[in-house]
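Chemist: Contents of run_3.txt (compact mmCIF, C-alpha atoms) are below:
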# COMPACT_ATOMS: atom_id res chain seq x y z
CA MET A 1 0.00 0.00 0.00
CA ASN A 2 1.51 3.30 -1.03
CA ILE A 3 1.68 6.33 1.23
CA LEU A 4 -1.08 8.18 -0.68
CA LYS A 5 -3.63 5.41 -0.13
CA LEU A 6 -2.63 5.07 3.51
CA THR A 7 -3.07 8.81 4.04
CA LYS A 8 -6.56 8.70 2.50
CA ILE A 9 -7.59 5.81 4.77
CA VAL A 10 -6.37 7.65 7.86
CA VAL A 11 -8.15 10.87 6.85
CA VAL A 12 -11.42 9.03 6.14
CA GLY A 13 -11.12 7.14 9.42
CA LEU A 14 -10.56 10.33 11.38
CA GLY A 15 -13.51 11.95 9.61
CA LEU A 16 -15.82 9.08 10.54
CA SER A 17 -14.59 9.16 14.13
CA ILE A 18 -15.21 12.90 14.42
CA SER A 19 -18.67 12.52 12.85
CA SER A 20 -19.49 9.73 15.28
CA ILE A 21 -18.39 11.79 18.26
CA SER A 22 -20.31 14.88 17.14
CA ALA A 23 -23.44 12.80 16.57
CA TYR A 24 -23.58 11.89 20.25
CA ALA A 25 -21.81 14.80 21.97
CA ILE A 26 -24.94 16.92 21.73
CA ASP A 27 -26.16 19.75 23.90
CA TRP A 28 -29.90 20.36 24.21
CA VAL A 29 -31.79 23.38 25.54
CA ILE A 30 -35.33 23.58 26.88
CA ASP A 31 -37.79 25.16 24.47
CA GLY A 32 -39.71 27.39 26.87
CA HIS A 33 -42.48 28.09 24.37
CA ASN A 34 -43.30 24.40 24.10
CA SER A 35 -42.81 23.38 27.71
CA GLN A 36 -45.08 23.55 30.72
CA LEU A 37 -44.82 23.03 34.48
CA ASN A 38 -48.03 22.91 36.53
CA PHE A 39 -48.78 22.68 40.22
CA VAL A 40 -52.02 22.12 42.12
CA SER A 41 -53.04 24.06 45.21
CA ILE A 42 -55.70 22.63 47.52
CA LYS A 43 -57.64 24.96 49.81
CA LYS A 44 -60.58 24.49 52.16
CA ILE A 45 -59.74 20.76 52.26
CA ASN A 46 -61.17 19.79 48.87
CA ILE A 47 -60.97 22.75 46.45
CA ALA A 48 -58.15 22.11 43.97
CA GLU A 49 -56.86 24.59 41.39
CA VAL A 50 -54.22 24.16 38.66
CA HIS A 51 -51.54 26.83 38.22
CA GLU A 52 -48.36 27.11 36.16
CA PHE A 53 -45.03 28.85 35.72
CA LYS A 54 -44.72 30.70 32.42
CA LYS A 55 -40.92 30.92 32.19
CA LEU A 56 -38.79 27.80 32.10
CA GLN A 57 -35.26 27.41 30.86
CA GLY A 58 -32.50 24.86 31.12
CA SER A 59 -30.34 22.36 29.32
CA TYR A 60 -29.21 18.75 28.95
CA ASP A 61 -25.57 18.57 27.98
CA SER A 62 -23.30 15.98 26.41
CA GLN A 63 -22.03 14.95 29.85
CA GLY A 64 -25.55 14.01 31.00
CA GLN A 65 -26.13 17.06 33.21
CA PHE A 66 -29.79 18.12 33.19
CA ILE A 67 -30.85 21.52 34.57
CA LEU A 68 -34.35 23.00 34.76
CA ASP A 69 -34.56 26.59 35.98
CA ILE A 70 -38.03 27.82 37.01
CA ASP A 71 -38.66 31.57 37.19
CA LEU A 72 -40.83 31.85 40.31
CA ALA A 73 -41.92 35.38 39.39
CA SER A 74 -43.64 33.89 36.32
CA VAL A 75 -46.23 32.08 38.44
CA ASP A 76 -49.68 32.28 36.86
CA THR A 77 -52.84 31.41 38.80
CA HIS A 78 -55.14 33.52 36.57
CA ILE A 79 -55.80 35.83 39.52
CA PRO A 80 -53.35 38.80 39.62
CA ILE A 81 -53.66 39.51 43.35
CA ARG A 82 -53.01 35.84 44.14
CA ASP A 83 -49.99 35.87 41.83
CA ASP A 84 -48.60 38.85 43.74
CA ARG A 85 -49.15 37.15 47.09
CA LEU A 86 -47.42 34.00 45.91
CA LYS A 87 -44.47 35.96 44.57
CA ASN A 88 -44.04 38.27 47.55
CA ASP A 89 -45.36 36.40 50.58
CA PHE A 90 -44.79 32.74 49.66
CA PHE A 91 -41.85 32.35 47.27
CA GLU A 92 -40.23 35.65 48.37
CA VAL A 93 -38.88 36.22 44.88
CA SER A 94 -36.86 39.26 45.96
CA LYS A 95 -34.59 36.79 47.79
CA PHE A 96 -35.25 33.52 45.95
CA SER A 97 -35.97 34.32 42.32
CA SER A 98 -35.91 30.79 40.94
CA ALA A 99 -36.21 27.12 41.73
CA LYS A 100 -33.81 24.66 40.11
CA ILE A 101 -33.99 20.94 39.39
CA THR A 102 -30.73 19.18 38.53
CA ALA A 103 -30.02 15.56 37.63
CA MET A 104 -27.61 13.29 35.77
CA ILE A 105 -29.21 11.26 32.95
CA ASP A 106 -27.13 8.69 31.06
CA THR A 107 -26.60 10.06 27.54
CA ASP A 108 -26.01 6.58 26.10
CA LEU A 109 -29.54 5.58 27.11
CA VAL A 110 -31.05 8.74 25.62
CA ASP A 111 -29.00 8.41 22.41
CA ALA A 112 -30.31 4.86 21.98
CA ILE A 113 -33.94 6.02 21.70
CA ALA A 114 -35.09 5.79 18.08
CA GLU A 115 -37.04 8.63 16.47
CA GLY A 116 -40.69 8.29 17.44
CA ALA A 117 -39.88 5.90 20.31
CA SER A 118 -40.08 6.47 24.06
CA GLU A 119 -38.31 5.14 27.14
CA ARG A 120 -39.13 5.32 30.81
CA PHE A 121 -36.49 6.61 33.22
CA THR A 122 -36.39 6.81 37.00
CA VAL A 123 -34.17 9.80 37.73
CA ASP A 124 -32.48 10.78 40.97
CA ALA A 125 -32.74 14.55 40.97
CA ASN A 126 -32.26 17.48 43.31
CA LEU A 127 -34.59 20.43 43.92
CA ASP A 128 -33.23 23.76 45.12
CA LEU A 129 -36.16 25.88 46.37
CA HIS A 130 -36.35 28.80 48.79
CA GLY A 131 -32.73 28.31 49.83
CA VAL A 132 -33.20 24.61 50.66
CA SER A 133 -31.89 21.68 48.62
CA LYS A 134 -33.62 18.28 48.74
CA PRO A 135 -33.39 15.05 46.71
CA LEU A 136 -36.27 14.04 44.42
CA THR A 137 -37.09 10.88 42.51
CA LEU A 138 -38.67 11.58 39.11
CA ASP A 139 -40.41 9.01 36.91
CA VAL A 140 -40.34 10.38 33.37
CA ILE A 141 -41.01 9.34 29.79
CA VAL A 142 -38.39 10.53 27.29
CA THR A 143 -39.46 10.56 23.63
CA ARG A 144 -37.32 11.36 20.59
CA LEU A 145 -39.48 13.60 18.43
CA VAL A 146 -39.27 14.26 14.71
CA GLY A 147 -37.11 17.29 13.91
CA ALA A 148 -34.25 16.72 16.37
CA LYS A 149 -36.27 17.28 19.53
CA LEU A 150 -36.81 15.44 22.80
CA SER A 151 -39.79 15.51 25.14
CA VAL A 152 -39.55 14.77 28.84
CA VAL A 153 -42.88 14.17 30.58
CA SER A 154 -43.62 13.34 34.21
CA MET A 155 -45.34 9.96 34.45
CA GLN A 156 -47.05 10.98 37.65
CA PRO A 157 -47.18 14.13 39.76
CA VAL A 158 -44.27 14.85 42.06
CA ILE A 159 -45.48 15.76 45.56
CA ILE A 160 -43.60 18.73 47.02
CA ASN A 161 -44.13 19.40 50.72
CA ALA A 162 -43.89 23.11 51.46
CA ASP A 163 -42.63 22.55 54.99
CA ASN A 164 -39.57 20.66 53.68
CA PHE A 165 -38.45 23.85 51.96
CA GLY A 166 -39.10 26.34 54.73
CA LEU A 167 -42.37 27.48 53.17
CA ALA A 168 -44.81 26.63 55.99
CA ALA A 169 -44.78 30.25 57.21
CA GLY A 170 -45.64 31.34 53.67
CA ILE A 171 -48.65 29.01 53.67
CA SER A 172 -49.83 30.55 56.92
CA LYS A 173 -49.42 34.05 55.49
CA LEU A 174 -51.45 33.15 52.39
CA MET A 175 -54.22 31.74 54.59
CA GLU A 176 -54.28 34.96 56.59
CA LEU A 177 -54.34 37.22 53.52
CA ALA A 178 -57.08 35.24 51.77
CA SER A 179 -59.05 34.45 54.96
CA LEU A 180 -58.83 30.72 54.28
CA PRO A 181 -59.22 27.99 56.92
CA SER A 182 -56.68 25.72 55.20
CA ILE A 183 -54.19 25.40 52.34
CA SER A 184 -52.50 22.05 51.84
CA GLN A 185 -48.74 21.93 52.30
CA ALA A 186 -48.56 18.98 49.89
CA VAL A 187 -48.38 20.31 46.32
CA PRO A 188 -48.58 17.97 43.28
CA VAL A 189 -46.33 19.10 40.41
CA SER A 190 -46.30 17.82 36.82
CA PHE A 191 -44.40 18.88 33.71
CA TYR A 192 -44.02 18.53 29.97
CA LEU A 193 -40.67 19.68 28.61
CA THR A 194 -39.52 19.97 25.01
CA LEU A 195 -35.79 20.11 24.30
CA LYS A 196 -34.18 21.20 21.03
CA LEU A 197 -30.60 21.20 19.78
CA LYS A 198 -28.52 24.04 21.15
Now, as a test, write the supplied structure out as structure tokens.
Modeler:
Amino acid sequence: MNILKLTKIVVVGLGLSISSISAYAIDWVIDGHNSQLNFVSIKKINIAEVHEFKKLQGSYDSQGQFILDIDLASVDTHIPIRDDRLKNDFFEVSKFSSAKITAMIDTDLVDAIAEGASERFTVDANLDLHGVSKPLTLDVIVTRLVGAKLSVVSMQPVIINADNFGLAAGISKLMELASLPSISQAVPVSFYLTLKLK
């Protein structure tokens, strides 16, 4: 084999290797316009209402690091005065502007999902809320969508207990302001996230 042919083989081999690496070393970002995070408040024992956060951002990088950043000031309950009370008296957004979920998700498992197919994952995550950090277990369905997108959907609501994050006093303040006999400290949270290539 002459040196010219050998050089061509090496160049082609390197090109395939680089292409292979770039195909999997992918960074994704959350598409905030096509993502949603909801939570349910329960007052007076059995009155439940669904609310959401309008601004979500985050990423899933080639190392498997997943980050979801929730802008707490974007809370939307469809009642402006209640939104203000949640922002100022419950979340205290002047001091704690966001909540953050972080997790490590094996990129090899995600890369193996065929277009149009879904896989279930149980993810050990961490929630940073109101200055307190706690572990969470998330059961999610990851789907590879057409057009180089991923969706991540909660299989079941995640129950967040306000007292675990130093928010019990905020619950009491909301009850006082709204003249309510009770507001549940257990808050079900669900989400639908769409990720696109960075």
Chemist: Which residues are near region 112-128 of chain A? Cut-off 8 Å, all atoms listed in the file, ignore same chain within fewer than 6 positions. Put them as a list in words.
Modeler: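 What passes the distance filter is Ala99, Lys100, Ile101, Thr102, Ala103, Met104, Ile105, Lys134, Pro135, Leu136, Thr137, Leu138, Asp139, Val140, Ile141, Val142, Thr143, Arg144, Leu145 and Val146 of chain A.
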Chemist: Determine, for each residue of region 115-175 of chain A having at least one atom at most 12 Å from an atom of region 43-61 of chain A, the closest pair of atoms and their separation in Å to one decimal, counting only C-alpha atoms; order by chain and ascending number, as a Markdown table.
Modeler:
| residue | atom | partner | partner_atom | distance |
| --- | --- | --- | --- | --- |
| A:Lys149 | CA | A:Tyr60 | CA | 11.9 |
| A:Leu150 | CA | A:Tyr60 | CA | 10.3 |
| A:Ser151 | CA | A:Tyr60 | CA | 11.7 |
| A:Val152 | CA | A:Tyr60 | CA | 11.1 |
| A:Ile171 | CA | A:Lys43 | CA | 10.6 |
| A:Ser172 | CA | A:Lys43 | CA | 11.9 |
| A:Leu174 | CA | A:Lys43 | CA | 10.6 |
| A:Met175 | CA | A:Lys43 | CA | 9.0 |
Chemist: So that I can check the surroundings of Ser97 (chain A), please list as a PyMOL selection string every protein, DNA and RNA residue that reaches within 9 Å of it, counting all atoms listed in the file and ignoring chain neighbours fewer than 6 positions away.
Modeler: chain A and resi 70-73+87+91+130
Chemist: Which polymer residues have any atom within 7 Å of an atom of region 188-195 of chain A, counting all atoms listed in the file, with same-chain residues fewer than 6 positions away left out, as a list in words?
Modeler: Trp28, Val29, Ile30, Asp31, Asn34, Ser35, Gln36, Leu37, Asn38, Phe39, Val40, Lys149, Leu150, Ser151, Val152, Val153, Ser154, Gln156, Pro157, Val158, Ile159 and Ile160 of chain A
Chemist: Find the distance between CA of Gln63 (chain A) and CA of His33 (chain A) and write it in Å to one decimal.
Modeler: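 Spanning CA of Gln63 (chain A) to CA of His33 (chain A) is a straight-line distance of 24.9 Å.
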